[in-house]
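S.K.: final.txt is reproduced in full below (compact mmCIF, N, CA and C atoms).
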# COMPACT_ATOMS: atom_id res chain seq x y z
N MET A 1 13.64 0.57 60.55
CA MET A 1 14.26 1.55 59.70
C MET A 1 14.42 0.93 58.31
N PRO A 2 13.98 1.62 57.24
CA PRO A 2 14.09 1.06 55.88
C PRO A 2 15.54 0.99 55.43
N LEU A 3 15.82 -0.01 54.59
CA LEU A 3 17.15 -0.15 54.02
C LEU A 3 17.32 0.86 52.90
N THR A 4 18.40 1.62 52.94
CA THR A 4 18.70 2.58 51.89
C THR A 4 19.93 2.11 51.14
N PRO A 5 19.81 1.86 49.83
CA PRO A 5 20.98 1.39 49.08
C PRO A 5 22.10 2.41 49.10
N LYS A 6 23.31 1.92 49.22
CA LYS A 6 24.50 2.76 49.15
C LYS A 6 24.78 3.06 47.68
N THR A 7 25.09 4.31 47.36
CA THR A 7 25.26 4.66 45.95
C THR A 7 26.66 5.16 45.62
N THR A 8 27.65 4.73 46.38
CA THR A 8 29.04 5.02 46.05
C THR A 8 29.85 3.77 46.29
N GLY A 9 31.07 3.76 45.84
CA GLY A 9 31.93 2.61 46.05
C GLY A 9 32.06 1.75 44.81
N PRO A 10 32.20 0.43 44.99
CA PRO A 10 32.42 -0.46 43.85
C PRO A 10 31.29 -0.39 42.83
N LYS A 11 31.64 -0.65 41.59
CA LYS A 11 30.68 -0.63 40.49
C LYS A 11 30.42 -2.04 40.00
N VAL A 12 29.23 -2.27 39.45
CA VAL A 12 28.89 -3.53 38.81
C VAL A 12 29.06 -3.35 37.31
N ARG A 13 29.81 -4.28 36.72
CA ARG A 13 30.04 -4.23 35.28
C ARG A 13 29.58 -5.54 34.65
N LEU A 14 29.09 -5.44 33.41
CA LEU A 14 28.70 -6.61 32.64
C LEU A 14 29.60 -6.72 31.42
N ARG A 15 29.94 -7.96 31.05
CA ARG A 15 30.74 -8.17 29.84
C ARG A 15 29.78 -8.24 28.66
N LEU A 16 29.99 -7.30 27.72
CA LEU A 16 29.18 -7.24 26.50
C LEU A 16 30.10 -7.34 25.30
N ARG A 17 30.04 -8.46 24.61
CA ARG A 17 30.89 -8.69 23.43
C ARG A 17 32.37 -8.41 23.70
N GLY A 18 32.85 -8.90 24.82
CA GLY A 18 34.27 -8.77 25.14
C GLY A 18 34.65 -7.53 25.90
N ASP A 19 33.82 -6.50 25.91
CA ASP A 19 34.12 -5.27 26.65
C ASP A 19 33.28 -5.22 27.92
N TRP A 20 33.77 -4.51 28.93
CA TRP A 20 33.04 -4.35 30.18
C TRP A 20 32.27 -3.04 30.15
N PHE A 21 31.03 -3.08 30.62
CA PHE A 21 30.14 -1.93 30.65
C PHE A 21 29.62 -1.75 32.07
N THR A 22 29.84 -0.58 32.66
CA THR A 22 29.38 -0.30 34.03
C THR A 22 27.87 -0.04 34.02
N VAL A 23 27.14 -0.76 34.90
CA VAL A 23 25.68 -0.63 34.92
C VAL A 23 25.13 0.04 36.17
N CYS A 24 25.82 -0.08 37.31
CA CYS A 24 25.32 0.54 38.54
C CYS A 24 26.36 0.44 39.64
N ASP A 25 26.08 1.12 40.74
CA ASP A 25 26.89 0.97 41.94
C ASP A 25 26.53 -0.35 42.60
N LEU A 26 27.51 -1.06 43.12
CA LEU A 26 27.25 -2.31 43.83
C LEU A 26 26.30 -2.05 45.00
N GLY A 27 26.44 -0.90 45.66
CA GLY A 27 25.58 -0.57 46.79
C GLY A 27 24.12 -0.38 46.45
N ALA A 28 23.81 -0.24 45.15
CA ALA A 28 22.41 -0.09 44.73
C ALA A 28 21.67 -1.43 44.73
N LEU A 29 22.43 -2.52 44.84
CA LEU A 29 21.82 -3.85 44.84
C LEU A 29 21.57 -4.33 46.25
N LEU A 30 20.38 -4.78 46.51
CA LEU A 30 20.03 -5.40 47.77
C LEU A 30 19.77 -6.88 47.51
N PRO A 31 20.24 -7.78 48.38
CA PRO A 31 20.02 -9.21 48.15
C PRO A 31 18.54 -9.50 47.91
N GLY A 32 18.28 -10.24 46.83
CA GLY A 32 16.92 -10.63 46.52
C GLY A 32 16.13 -9.61 45.73
N ARG A 33 16.69 -8.45 45.51
CA ARG A 33 16.03 -7.39 44.74
C ARG A 33 16.82 -7.12 43.48
N GLY A 34 16.14 -6.92 42.37
CA GLY A 34 16.81 -6.68 41.12
C GLY A 34 16.86 -5.21 40.75
N VAL A 35 17.77 -4.90 39.83
CA VAL A 35 17.90 -3.56 39.26
C VAL A 35 17.90 -3.73 37.75
N ALA A 36 17.13 -2.91 37.04
CA ALA A 36 17.14 -2.92 35.58
C ALA A 36 18.22 -1.97 35.10
N ALA A 37 19.00 -2.41 34.11
CA ALA A 37 20.07 -1.60 33.55
C ALA A 37 19.89 -1.50 32.04
N LEU A 38 19.94 -0.28 31.52
CA LEU A 38 19.85 -0.06 30.09
C LEU A 38 21.22 -0.31 29.47
N LEU A 39 21.27 -1.16 28.46
CA LEU A 39 22.52 -1.50 27.78
C LEU A 39 22.71 -0.61 26.56
N PRO A 40 23.94 -0.49 26.07
CA PRO A 40 24.21 0.42 24.94
C PRO A 40 23.38 0.13 23.69
N ASP A 41 22.98 -1.13 23.47
CA ASP A 41 22.20 -1.46 22.27
C ASP A 41 20.70 -1.29 22.45
N GLY A 42 20.28 -0.76 23.61
CA GLY A 42 18.86 -0.52 23.86
C GLY A 42 18.15 -1.63 24.62
N ARG A 43 18.79 -2.78 24.73
CA ARG A 43 18.21 -3.86 25.54
C ARG A 43 18.36 -3.52 27.02
N GLN A 44 17.74 -4.34 27.88
CA GLN A 44 17.86 -4.16 29.31
C GLN A 44 18.36 -5.46 29.94
N ALA A 45 19.15 -5.31 30.99
CA ALA A 45 19.57 -6.45 31.80
C ALA A 45 18.95 -6.31 33.18
N ALA A 46 18.63 -7.44 33.78
CA ALA A 46 18.18 -7.48 35.17
C ALA A 46 19.38 -7.97 35.99
N VAL A 47 19.81 -7.17 36.96
CA VAL A 47 21.01 -7.45 37.74
C VAL A 47 20.60 -7.76 39.17
N PHE A 48 21.18 -8.83 39.73
CA PHE A 48 20.83 -9.28 41.07
C PHE A 48 22.09 -9.61 41.86
N THR A 49 21.98 -9.56 43.17
CA THR A 49 22.98 -10.12 44.07
C THR A 49 22.24 -10.96 45.11
N ASP A 50 22.95 -11.92 45.68
CA ASP A 50 22.34 -12.71 46.74
C ASP A 50 23.04 -12.44 48.06
N ARG A 51 22.64 -13.14 49.09
CA ARG A 51 23.20 -12.90 50.43
C ARG A 51 24.68 -13.22 50.54
N THR A 52 25.20 -14.04 49.61
CA THR A 52 26.62 -14.37 49.64
C THR A 52 27.45 -13.36 48.86
N GLY A 53 26.78 -12.43 48.16
CA GLY A 53 27.48 -11.43 47.37
C GLY A 53 27.66 -11.82 45.91
N ALA A 54 27.16 -13.00 45.52
CA ALA A 54 27.26 -13.41 44.12
C ALA A 54 26.43 -12.48 43.24
N LEU A 55 26.95 -12.16 42.07
CA LEU A 55 26.26 -11.28 41.12
C LEU A 55 25.71 -12.11 39.97
N TYR A 56 24.53 -11.72 39.49
CA TYR A 56 23.89 -12.37 38.36
C TYR A 56 23.30 -11.29 37.46
N ALA A 57 23.31 -11.55 36.16
CA ALA A 57 22.67 -10.63 35.21
C ALA A 57 22.06 -11.44 34.07
N VAL A 58 20.80 -11.18 33.81
CA VAL A 58 20.06 -11.84 32.74
C VAL A 58 19.28 -10.80 31.96
N ASP A 59 18.77 -11.20 30.80
CA ASP A 59 17.91 -10.32 30.03
C ASP A 59 16.71 -9.93 30.89
N ASN A 60 16.32 -8.67 30.88
CA ASN A 60 15.20 -8.19 31.69
C ASN A 60 13.85 -8.51 31.04
N ARG A 61 13.86 -8.89 29.77
CA ARG A 61 12.59 -9.14 29.07
C ARG A 61 12.09 -10.55 29.34
N ASP A 62 10.86 -10.64 29.82
CA ASP A 62 10.19 -11.92 30.04
C ASP A 62 9.84 -12.51 28.67
N PRO A 63 10.41 -13.66 28.31
CA PRO A 63 10.16 -14.21 26.97
C PRO A 63 8.72 -14.69 26.77
N PHE A 64 7.96 -14.89 27.83
CA PHE A 64 6.58 -15.35 27.69
C PHE A 64 5.61 -14.20 27.42
N THR A 65 5.93 -12.99 27.91
CA THR A 65 5.02 -11.86 27.73
C THR A 65 5.62 -10.72 26.92
N GLY A 66 6.95 -10.68 26.82
CA GLY A 66 7.62 -9.60 26.12
C GLY A 66 7.83 -8.36 26.99
N ALA A 67 7.34 -8.38 28.20
CA ALA A 67 7.46 -7.23 29.10
C ALA A 67 8.83 -7.22 29.79
N ALA A 68 9.40 -6.04 29.96
CA ALA A 68 10.70 -5.88 30.63
C ALA A 68 10.47 -5.78 32.13
N VAL A 69 10.32 -6.94 32.78
CA VAL A 69 9.92 -6.96 34.19
C VAL A 69 10.73 -7.89 35.09
N LEU A 70 11.68 -8.64 34.55
CA LEU A 70 12.34 -9.65 35.39
C LEU A 70 13.12 -9.04 36.54
N SER A 71 13.57 -7.79 36.40
CA SER A 71 14.28 -7.16 37.52
C SER A 71 13.37 -6.97 38.73
N ARG A 72 12.07 -7.05 38.53
CA ARG A 72 11.10 -6.92 39.63
C ARG A 72 10.61 -8.28 40.13
N GLY A 73 11.22 -9.35 39.61
CA GLY A 73 10.80 -10.69 39.99
C GLY A 73 11.31 -11.11 41.36
N LEU A 74 10.73 -12.17 41.86
CA LEU A 74 11.14 -12.75 43.14
C LEU A 74 12.29 -13.71 42.92
N THR A 75 13.28 -13.68 43.80
CA THR A 75 14.41 -14.60 43.69
C THR A 75 14.30 -15.70 44.73
N GLY A 76 14.95 -16.80 44.43
CA GLY A 76 14.96 -17.93 45.35
C GLY A 76 15.95 -18.97 44.86
N THR A 77 15.85 -20.17 45.41
CA THR A 77 16.67 -21.29 44.95
C THR A 77 15.78 -22.50 44.73
N HIS A 78 16.19 -23.33 43.78
CA HIS A 78 15.50 -24.58 43.47
C HIS A 78 16.58 -25.63 43.27
N HIS A 79 16.63 -26.62 44.14
CA HIS A 79 17.68 -27.64 44.12
C HIS A 79 19.05 -27.00 44.13
N GLY A 80 19.22 -25.95 44.93
CA GLY A 80 20.50 -25.28 45.07
C GLY A 80 20.84 -24.31 43.96
N ARG A 81 19.95 -24.12 42.99
CA ARG A 81 20.20 -23.23 41.85
C ARG A 81 19.45 -21.91 42.09
N PRO A 82 20.14 -20.76 41.94
CA PRO A 82 19.47 -19.47 42.11
C PRO A 82 18.56 -19.19 40.91
N PHE A 83 17.37 -18.64 41.19
CA PHE A 83 16.46 -18.31 40.11
C PHE A 83 15.75 -16.99 40.39
N VAL A 84 15.16 -16.44 39.32
CA VAL A 84 14.25 -15.31 39.43
C VAL A 84 12.93 -15.78 38.81
N ALA A 85 11.82 -15.46 39.48
CA ALA A 85 10.49 -15.78 38.97
C ALA A 85 9.87 -14.52 38.39
N SER A 86 9.35 -14.64 37.19
CA SER A 86 8.71 -13.49 36.56
C SER A 86 7.55 -13.01 37.42
N PRO A 87 7.43 -11.68 37.60
CA PRO A 87 6.31 -11.18 38.39
C PRO A 87 4.97 -11.30 37.66
N LEU A 88 4.99 -11.64 36.38
CA LEU A 88 3.73 -11.74 35.63
C LEU A 88 3.15 -13.14 35.65
N LEU A 89 3.80 -14.09 35.00
CA LEU A 89 3.26 -15.44 34.90
C LEU A 89 3.97 -16.45 35.79
N LYS A 90 4.96 -15.98 36.54
CA LYS A 90 5.66 -16.76 37.58
C LYS A 90 6.61 -17.84 37.06
N GLN A 91 6.95 -17.86 35.77
CA GLN A 91 7.96 -18.81 35.31
C GLN A 91 9.29 -18.47 35.98
N ARG A 92 10.05 -19.51 36.32
CA ARG A 92 11.33 -19.33 37.01
C ARG A 92 12.48 -19.54 36.03
N PHE A 93 13.50 -18.66 36.15
CA PHE A 93 14.66 -18.71 35.27
C PHE A 93 15.92 -18.83 36.11
N ASP A 94 16.75 -19.82 35.78
CA ASP A 94 18.03 -20.03 36.46
C ASP A 94 18.90 -18.80 36.21
N LEU A 95 19.39 -18.17 37.26
CA LEU A 95 20.18 -16.95 37.12
C LEU A 95 21.59 -17.21 36.58
N GLU A 96 22.07 -18.44 36.65
CA GLU A 96 23.40 -18.73 36.13
C GLU A 96 23.38 -19.14 34.66
N THR A 97 22.35 -19.88 34.26
CA THR A 97 22.30 -20.40 32.88
C THR A 97 21.25 -19.72 32.01
N GLY A 98 20.25 -19.08 32.62
CA GLY A 98 19.15 -18.47 31.89
C GLY A 98 18.05 -19.45 31.53
N ARG A 99 18.25 -20.75 31.81
CA ARG A 99 17.26 -21.77 31.46
C ARG A 99 15.98 -21.59 32.26
N CYS A 100 14.84 -21.69 31.57
CA CYS A 100 13.56 -21.64 32.26
C CYS A 100 13.36 -22.97 32.98
N LEU A 101 13.10 -22.92 34.27
CA LEU A 101 12.91 -24.14 35.06
C LEU A 101 11.55 -24.77 34.81
N ASP A 102 10.65 -24.03 34.17
CA ASP A 102 9.29 -24.51 33.93
C ASP A 102 9.04 -24.88 32.47
N ASP A 103 9.98 -24.58 31.58
CA ASP A 103 9.85 -24.89 30.15
C ASP A 103 11.26 -24.96 29.56
N ASP A 104 11.77 -26.17 29.37
CA ASP A 104 13.15 -26.37 28.90
C ASP A 104 13.43 -25.78 27.53
N THR A 105 12.42 -25.41 26.78
CA THR A 105 12.64 -24.85 25.45
C THR A 105 12.92 -23.36 25.48
N VAL A 106 12.81 -22.73 26.65
CA VAL A 106 12.97 -21.27 26.76
C VAL A 106 14.21 -20.96 27.59
N ARG A 107 14.96 -19.95 27.14
CA ARG A 107 16.20 -19.57 27.81
C ARG A 107 16.38 -18.05 27.70
N LEU A 108 16.89 -17.45 28.77
CA LEU A 108 17.25 -16.03 28.78
C LEU A 108 18.72 -15.87 28.42
N THR A 109 19.07 -14.71 27.88
CA THR A 109 20.47 -14.35 27.73
C THR A 109 21.03 -14.06 29.12
N THR A 110 22.22 -14.56 29.39
CA THR A 110 22.90 -14.25 30.65
C THR A 110 24.13 -13.42 30.35
N TYR A 111 24.59 -12.67 31.33
CA TYR A 111 25.76 -11.81 31.18
C TYR A 111 26.73 -12.11 32.31
N GLU A 112 28.01 -12.11 32.00
CA GLU A 112 29.04 -12.21 33.02
C GLU A 112 29.06 -10.90 33.78
N ALA A 113 29.03 -10.95 35.10
CA ALA A 113 29.00 -9.75 35.92
C ALA A 113 30.15 -9.76 36.91
N GLU A 114 30.65 -8.58 37.23
CA GLU A 114 31.71 -8.44 38.23
C GLU A 114 31.55 -7.12 38.96
N ALA A 115 32.09 -7.08 40.16
CA ALA A 115 32.15 -5.83 40.94
C ALA A 115 33.60 -5.37 40.97
N THR A 116 33.82 -4.09 40.67
CA THR A 116 35.18 -3.56 40.66
C THR A 116 35.26 -2.28 41.49
As structure tokens, please, write out the structure in this file.
M.R.:
Amino acid sequence: MPLTPKTTGPKVRLRLRGDWFTVCDLGALLPGRGVAALLPDGRQAAVFTDRTGALYAVDNRDPFTGAAVLSRGLTGTHHGRPFVASPLLKQRFDLETGRCLDDDTVRLTTYEAEAT
């Protein structure tokens, strides 16, 4: 039976310049799968949860290609650090810091996330 995301209940919010912005229902997130969220300034965030319920949010734009695809990337861990790998060129980005694990000169914007 396919997993169907729950679309009611707690909400996921991101902190944007000191204010909280609701991006989706917590039930819309499945561990290891991302959701793209449109932010008020026109940018996009890629929002993830893992099996422990931890929430992560990073810029959805892949800095190597410019494509808004990171929400469709594969998630995993490297030395205990959660990451998302771009579905295009496969660079991995730490979900907590935004640092590219394959090129120390590249970093994603990260967002504080909470479920309420």
S.K.: Determine the nearest neighbour of Leu74 of chain A from the options A:Ser86, A:Thr110, A:Asn60, A:Thr52, counting all atoms listed in the file.
M.R.: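 The answer is A:Ser86, which sits nearest to Leu74 of chain A.
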S.K.: Could you check how far atom CA of Thr22 of chain A sits from atom CA of Ala54 of chain A, in Å to one decimal?
M.R.: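 Atom-to-atom, atom CA of Thr22 of chain A to atom CA of Ala54 of chain A, that is 16.7 Å.
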S.K.: When you look at segment 69-72 of chain A with a cut-off of 6.5 Å (counting all atoms listed in the file), what residues show up, excluding the ones that are within fewer than 5 positions of it in the same chain? I need them as an NGL selection string.
M.R.: :A and (33-36 or 45-47 or 59-62 or 85-87)
S.K.: Do a neighbour search on Trp20 of chain A at 9 Å with only C-alpha atoms, toss out local chain neighbours closer than 6 positions, and write the hits as a PyMOL selection string.
M.R.: chain A and resi 13-14+113
S.K.: Determine, counting all atoms listed in the file, which protein, DNA and RNA residues have an atom within 7 Å of an atom of Pro10 of chain A; residues of the same chain fewer than 6 positions away are not included. Present the result as a PDB file with N, CA and C atoms, keeping the file's coordinate frame.
M.R.:
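Output saved as part15.pdb:
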ATOM      1  N   CYS A  24      25.820  -0.080  37.310  1.00  0.00           N
ATOM      2  CA  CYS A  24      25.320   0.540  38.540  1.00  0.00           C
ATOM      3  C   CYS A  24      26.360   0.440  39.640  1.00  0.00           C
ATOM      4  N   ASP A  25      26.080   1.120  40.740  1.00  0.00           N
ATOM      5  CA  ASP A  25      26.890   0.970  41.940  1.00  0.00           C
ATOM      6  C   ASP A  25      26.530  -0.350  42.600  1.00  0.00           C
ATOM      7  N   LEU A  26      27.510  -1.060  43.120  1.00  0.00           N
ATOM      8  CA  LEU A  26      27.250  -2.310  43.830  1.00  0.00           C
ATOM      9  C   LEU A  26      26.300  -2.050  45.000  1.00  0.00           C
ATOM     10  N   GLY A  27      26.440  -0.900  45.660  1.00  0.00           N
ATOM     11  CA  GLY A  27      25.580  -0.570  46.790  1.00  0.00           C
ATOM     12  C   GLY A  27      24.120  -0.380  46.450  1.00  0.00           C
ATOM     13  N   ALA A 115      32.090  -7.080  40.160  1.00  0.00           N
ATOM     14  CA  ALA A 115      32.150  -5.830  40.940  1.00  0.00           C
ATOM     15  C   ALA A 115      33.600  -5.370  40.970  1.00  0.00           C
ATOM     16  N   THR A 116      33.820  -4.090  40.670  1.00  0.00           N
ATOM     17  CA  THR A 116      35.180  -3.560  40.660  1.00  0.00           C
ATOM     18  C   THR A 116      35.260  -2.280  41.490  1.00  0.00           C
TER      19      THR A 116
END
S.K.: Which neighbours of Phe83 of chain A fall inside 7 Å, counting only N, CA and C atoms, when residues of the same chain fewer than 5 positions from it are skipped, and could you give them as number ranges by chain?
M.R.: A: 74-78, 92-96
S.K.: So that I can check the secondary structure, give me every residue of segment 12-95 of chain A assigned strand (DSSP E or B) by backbone DSSP, as a ChimeraX atom specification.
M.R.: /A:12-16,19-25,35-38,44-49,55-59,61,68,74-78,81-85,92-94
S.K.: Please return, as an NGL selection string, all polymer residues that have at least one atom within 6.5 Å of the point (22.5, -9.8, 43.8); use all atoms listed in the file and the file's own coordinate frame.
M.R.: :A and (29-33 or 47-51 or 53-56)
S.K.: Generate a file of the selected residues that holds N, CA and C atoms, formatted as a compact mmCIF listing (two decimals), in the coordinates of the input.
M.R.:
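That gives us result02.txt:
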# COMPACT_ATOMS: atom_id res chain seq x y z
N LEU A 29 22.43 -2.52 44.84
CA LEU A 29 21.82 -3.85 44.84
C LEU A 29 21.57 -4.33 46.25
N LEU A 30 20.38 -4.78 46.51
CA LEU A 30 20.03 -5.40 47.77
C LEU A 30 19.77 -6.88 47.51
N PRO A 31 20.24 -7.78 48.38
CA PRO A 31 20.02 -9.21 48.15
C PRO A 31 18.54 -9.50 47.91
N GLY A 32 18.28 -10.24 46.83
CA GLY A 32 16.92 -10.63 46.52
C GLY A 32 16.13 -9.61 45.73
N ARG A 33 16.69 -8.45 45.51
CA ARG A 33 16.03 -7.39 44.74
C ARG A 33 16.82 -7.12 43.48
N VAL A 47 19.81 -7.17 36.96
CA VAL A 47 21.01 -7.45 37.74
C VAL A 47 20.60 -7.76 39.17
N PHE A 48 21.18 -8.83 39.73
CA PHE A 48 20.83 -9.28 41.07
C PHE A 48 22.09 -9.61 41.86
N THR A 49 21.98 -9.56 43.17
CA THR A 49 22.98 -10.12 44.07
C THR A 49 22.24 -10.96 45.11
N ASP A 50 22.95 -11.92 45.68
CA ASP A 50 22.34 -12.71 46.74
C ASP A 50 23.04 -12.44 48.06
N ARG A 51 22.64 -13.14 49.09
CA ARG A 51 23.20 -12.90 50.43
C ARG A 51 24.68 -13.22 50.54
N GLY A 53 26.78 -12.43 48.16
CA GLY A 53 27.48 -11.43 47.37
C GLY A 53 27.66 -11.82 45.91
N ALA A 54 27.16 -13.00 45.52
CA ALA A 54 27.26 -13.41 44.12
C ALA A 54 26.43 -12.48 43.24
N LEU A 55 26.95 -12.16 42.07
CA LEU A 55 26.26 -11.28 41.12
C LEU A 55 25.71 -12.11 39.97
N TYR A 56 24.53 -11.72 39.49
CA TYR A 56 23.89 -12.37 38.36
C TYR A 56 23.30 -11.29 37.46
S.K.: Enter the distance from atom C of Val106 of chain A to atom C of Pro40 of chain A, in Å, rounded to one decimal.
M.R.: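 Calculated distance between atom C of Val106 of chain A and atom C of Pro40 of chain A is 23.3 Å.
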S.K.: With distances taken over only N, CA and C atoms, which residue among A:Gln91, A:Asp41, A:Arg17, A:Ala57 lies nearest Thr109 of chain A?
M.R.: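 Among A:Gln91, A:Asp41, A:Arg17, A:Ala57, it is A:Ala57 that comes nearest to Thr109 of chain A.
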S.K.: From the options A:Gly66, A:Val58, A:Gly80, A:Lys11, which residue's atoms come nearest to Thr97 of chain A, counting only C-alpha atoms?
M.R.: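 Ranking A:Gly66, A:Val58, A:Gly80, A:Lys11 by distance to Thr97 of chain A, first place goes to A:Val58.
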S.K.: Given only C-alpha atoms as the basis, pick out the residue of A:Glu114, A:Pro63, A:Ala28, A:Val12 nearest to Gly98 of chain A.
M.R.: A:Pro63
S.K.: Atom C of Asp102 of chain A and atom N of Val84 of chain A, how far apart in Å?
M.R.: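 According to the coordinates, atom N of Val84 of chain A and atom C of Asp102 of chain A are separated by 12.5 Å.
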S.K.: For segment 25-33 of chain A, supply all heavy atoms and report the output as a CSV table (one decimal), in the frame of the given file.
M.R.:
chain,number,residue,atom,x,y,z
A,25,ASP,N,26.1,1.1,40.7
A,25,ASP,CA,26.9,1.0,41.9
A,25,ASP,C,26.5,-0.4,42.6
A,25,ASP,O,25.3,-0.7,42.7
A,25,ASP,CB,26.6,2.1,42.9
A,25,ASP,CG,27.1,3.4,42.5
A,25,ASP,OD1,28.2,3.5,41.8
A,25,ASP,OD2,26.5,4.4,42.8
A,26,LEU,N,27.5,-1.1,43.1
A,26,LEU,CA,27.2,-2.3,43.8
A,26,LEU,C,26.3,-2.0,45.0
A,26,LEU,O,25.4,-2.9,45.3
A,26,LEU,CB,28.6,-2.9,44.3
A,26,LEU,CG,28.4,-4.2,45.1
A,26,LEU,CD1,27.8,-5.3,44.2
A,26,LEU,CD2,29.8,-4.7,45.5
A,27,GLY,N,26.4,-0.9,45.7
A,27,GLY,CA,25.6,-0.6,46.8
A,27,GLY,C,24.1,-0.4,46.4
A,27,GLY,O,23.3,-0.4,47.3
A,28,ALA,N,23.8,-0.2,45.2
A,28,ALA,CA,22.4,-0.1,44.7
A,28,ALA,C,21.7,-1.4,44.7
A,28,ALA,O,20.4,-1.5,44.6
A,28,ALA,CB,22.3,0.5,43.3
A,29,LEU,N,22.4,-2.5,44.8
A,29,LEU,CA,21.8,-3.8,44.8
A,29,LEU,C,21.6,-4.3,46.2
A,29,LEU,O,22.5,-4.3,47.1
A,29,LEU,CB,22.7,-4.8,44.1
A,29,LEU,CG,22.9,-4.6,42.6
A,29,LEU,CD1,24.0,-5.6,42.1
A,29,LEU,CD2,21.6,-4.7,41.9
A,30,LEU,N,20.4,-4.8,46.5
A,30,LEU,CA,20.0,-5.4,47.8
A,30,LEU,C,19.8,-6.9,47.5
A,30,LEU,O,19.1,-7.2,46.5
A,30,LEU,CB,18.8,-4.8,48.4
A,30,LEU,CG,18.9,-3.3,48.7
A,30,LEU,CD1,17.5,-2.7,49.2
A,30,LEU,CD2,19.9,-3.1,49.8
A,31,PRO,N,20.2,-7.8,48.4
A,31,PRO,CA,20.0,-9.2,48.2
A,31,PRO,C,18.5,-9.5,47.9
A,31,PRO,O,17.7,-9.0,48.6
A,31,PRO,CB,20.5,-9.9,49.4
A,31,PRO,CG,21.6,-8.9,49.9
A,31,PRO,CD,21.0,-7.5,49.6
A,32,GLY,N,18.3,-10.2,46.8
A,32,GLY,CA,16.9,-10.6,46.5
A,32,GLY,C,16.1,-9.6,45.7
A,32,GLY,O,15.0,-9.9,45.3
A,33,ARG,N,16.7,-8.4,45.5
A,33,ARG,CA,16.0,-7.4,44.7
A,33,ARG,C,16.8,-7.1,43.5
A,33,ARG,O,18.0,-7.1,43.5
A,33,ARG,CB,16.0,-6.1,45.5
A,33,ARG,CG,15.1,-6.2,46.8
A,33,ARG,CD,13.7,-5.9,46.4
A,33,ARG,NE,12.8,-5.9,47.5
A,33,ARG,CZ,12.3,-4.9,48.2
A,33,ARG,NH1,12.7,-3.7,47.8
A,33,ARG,NH2,11.5,-5.0,49.2
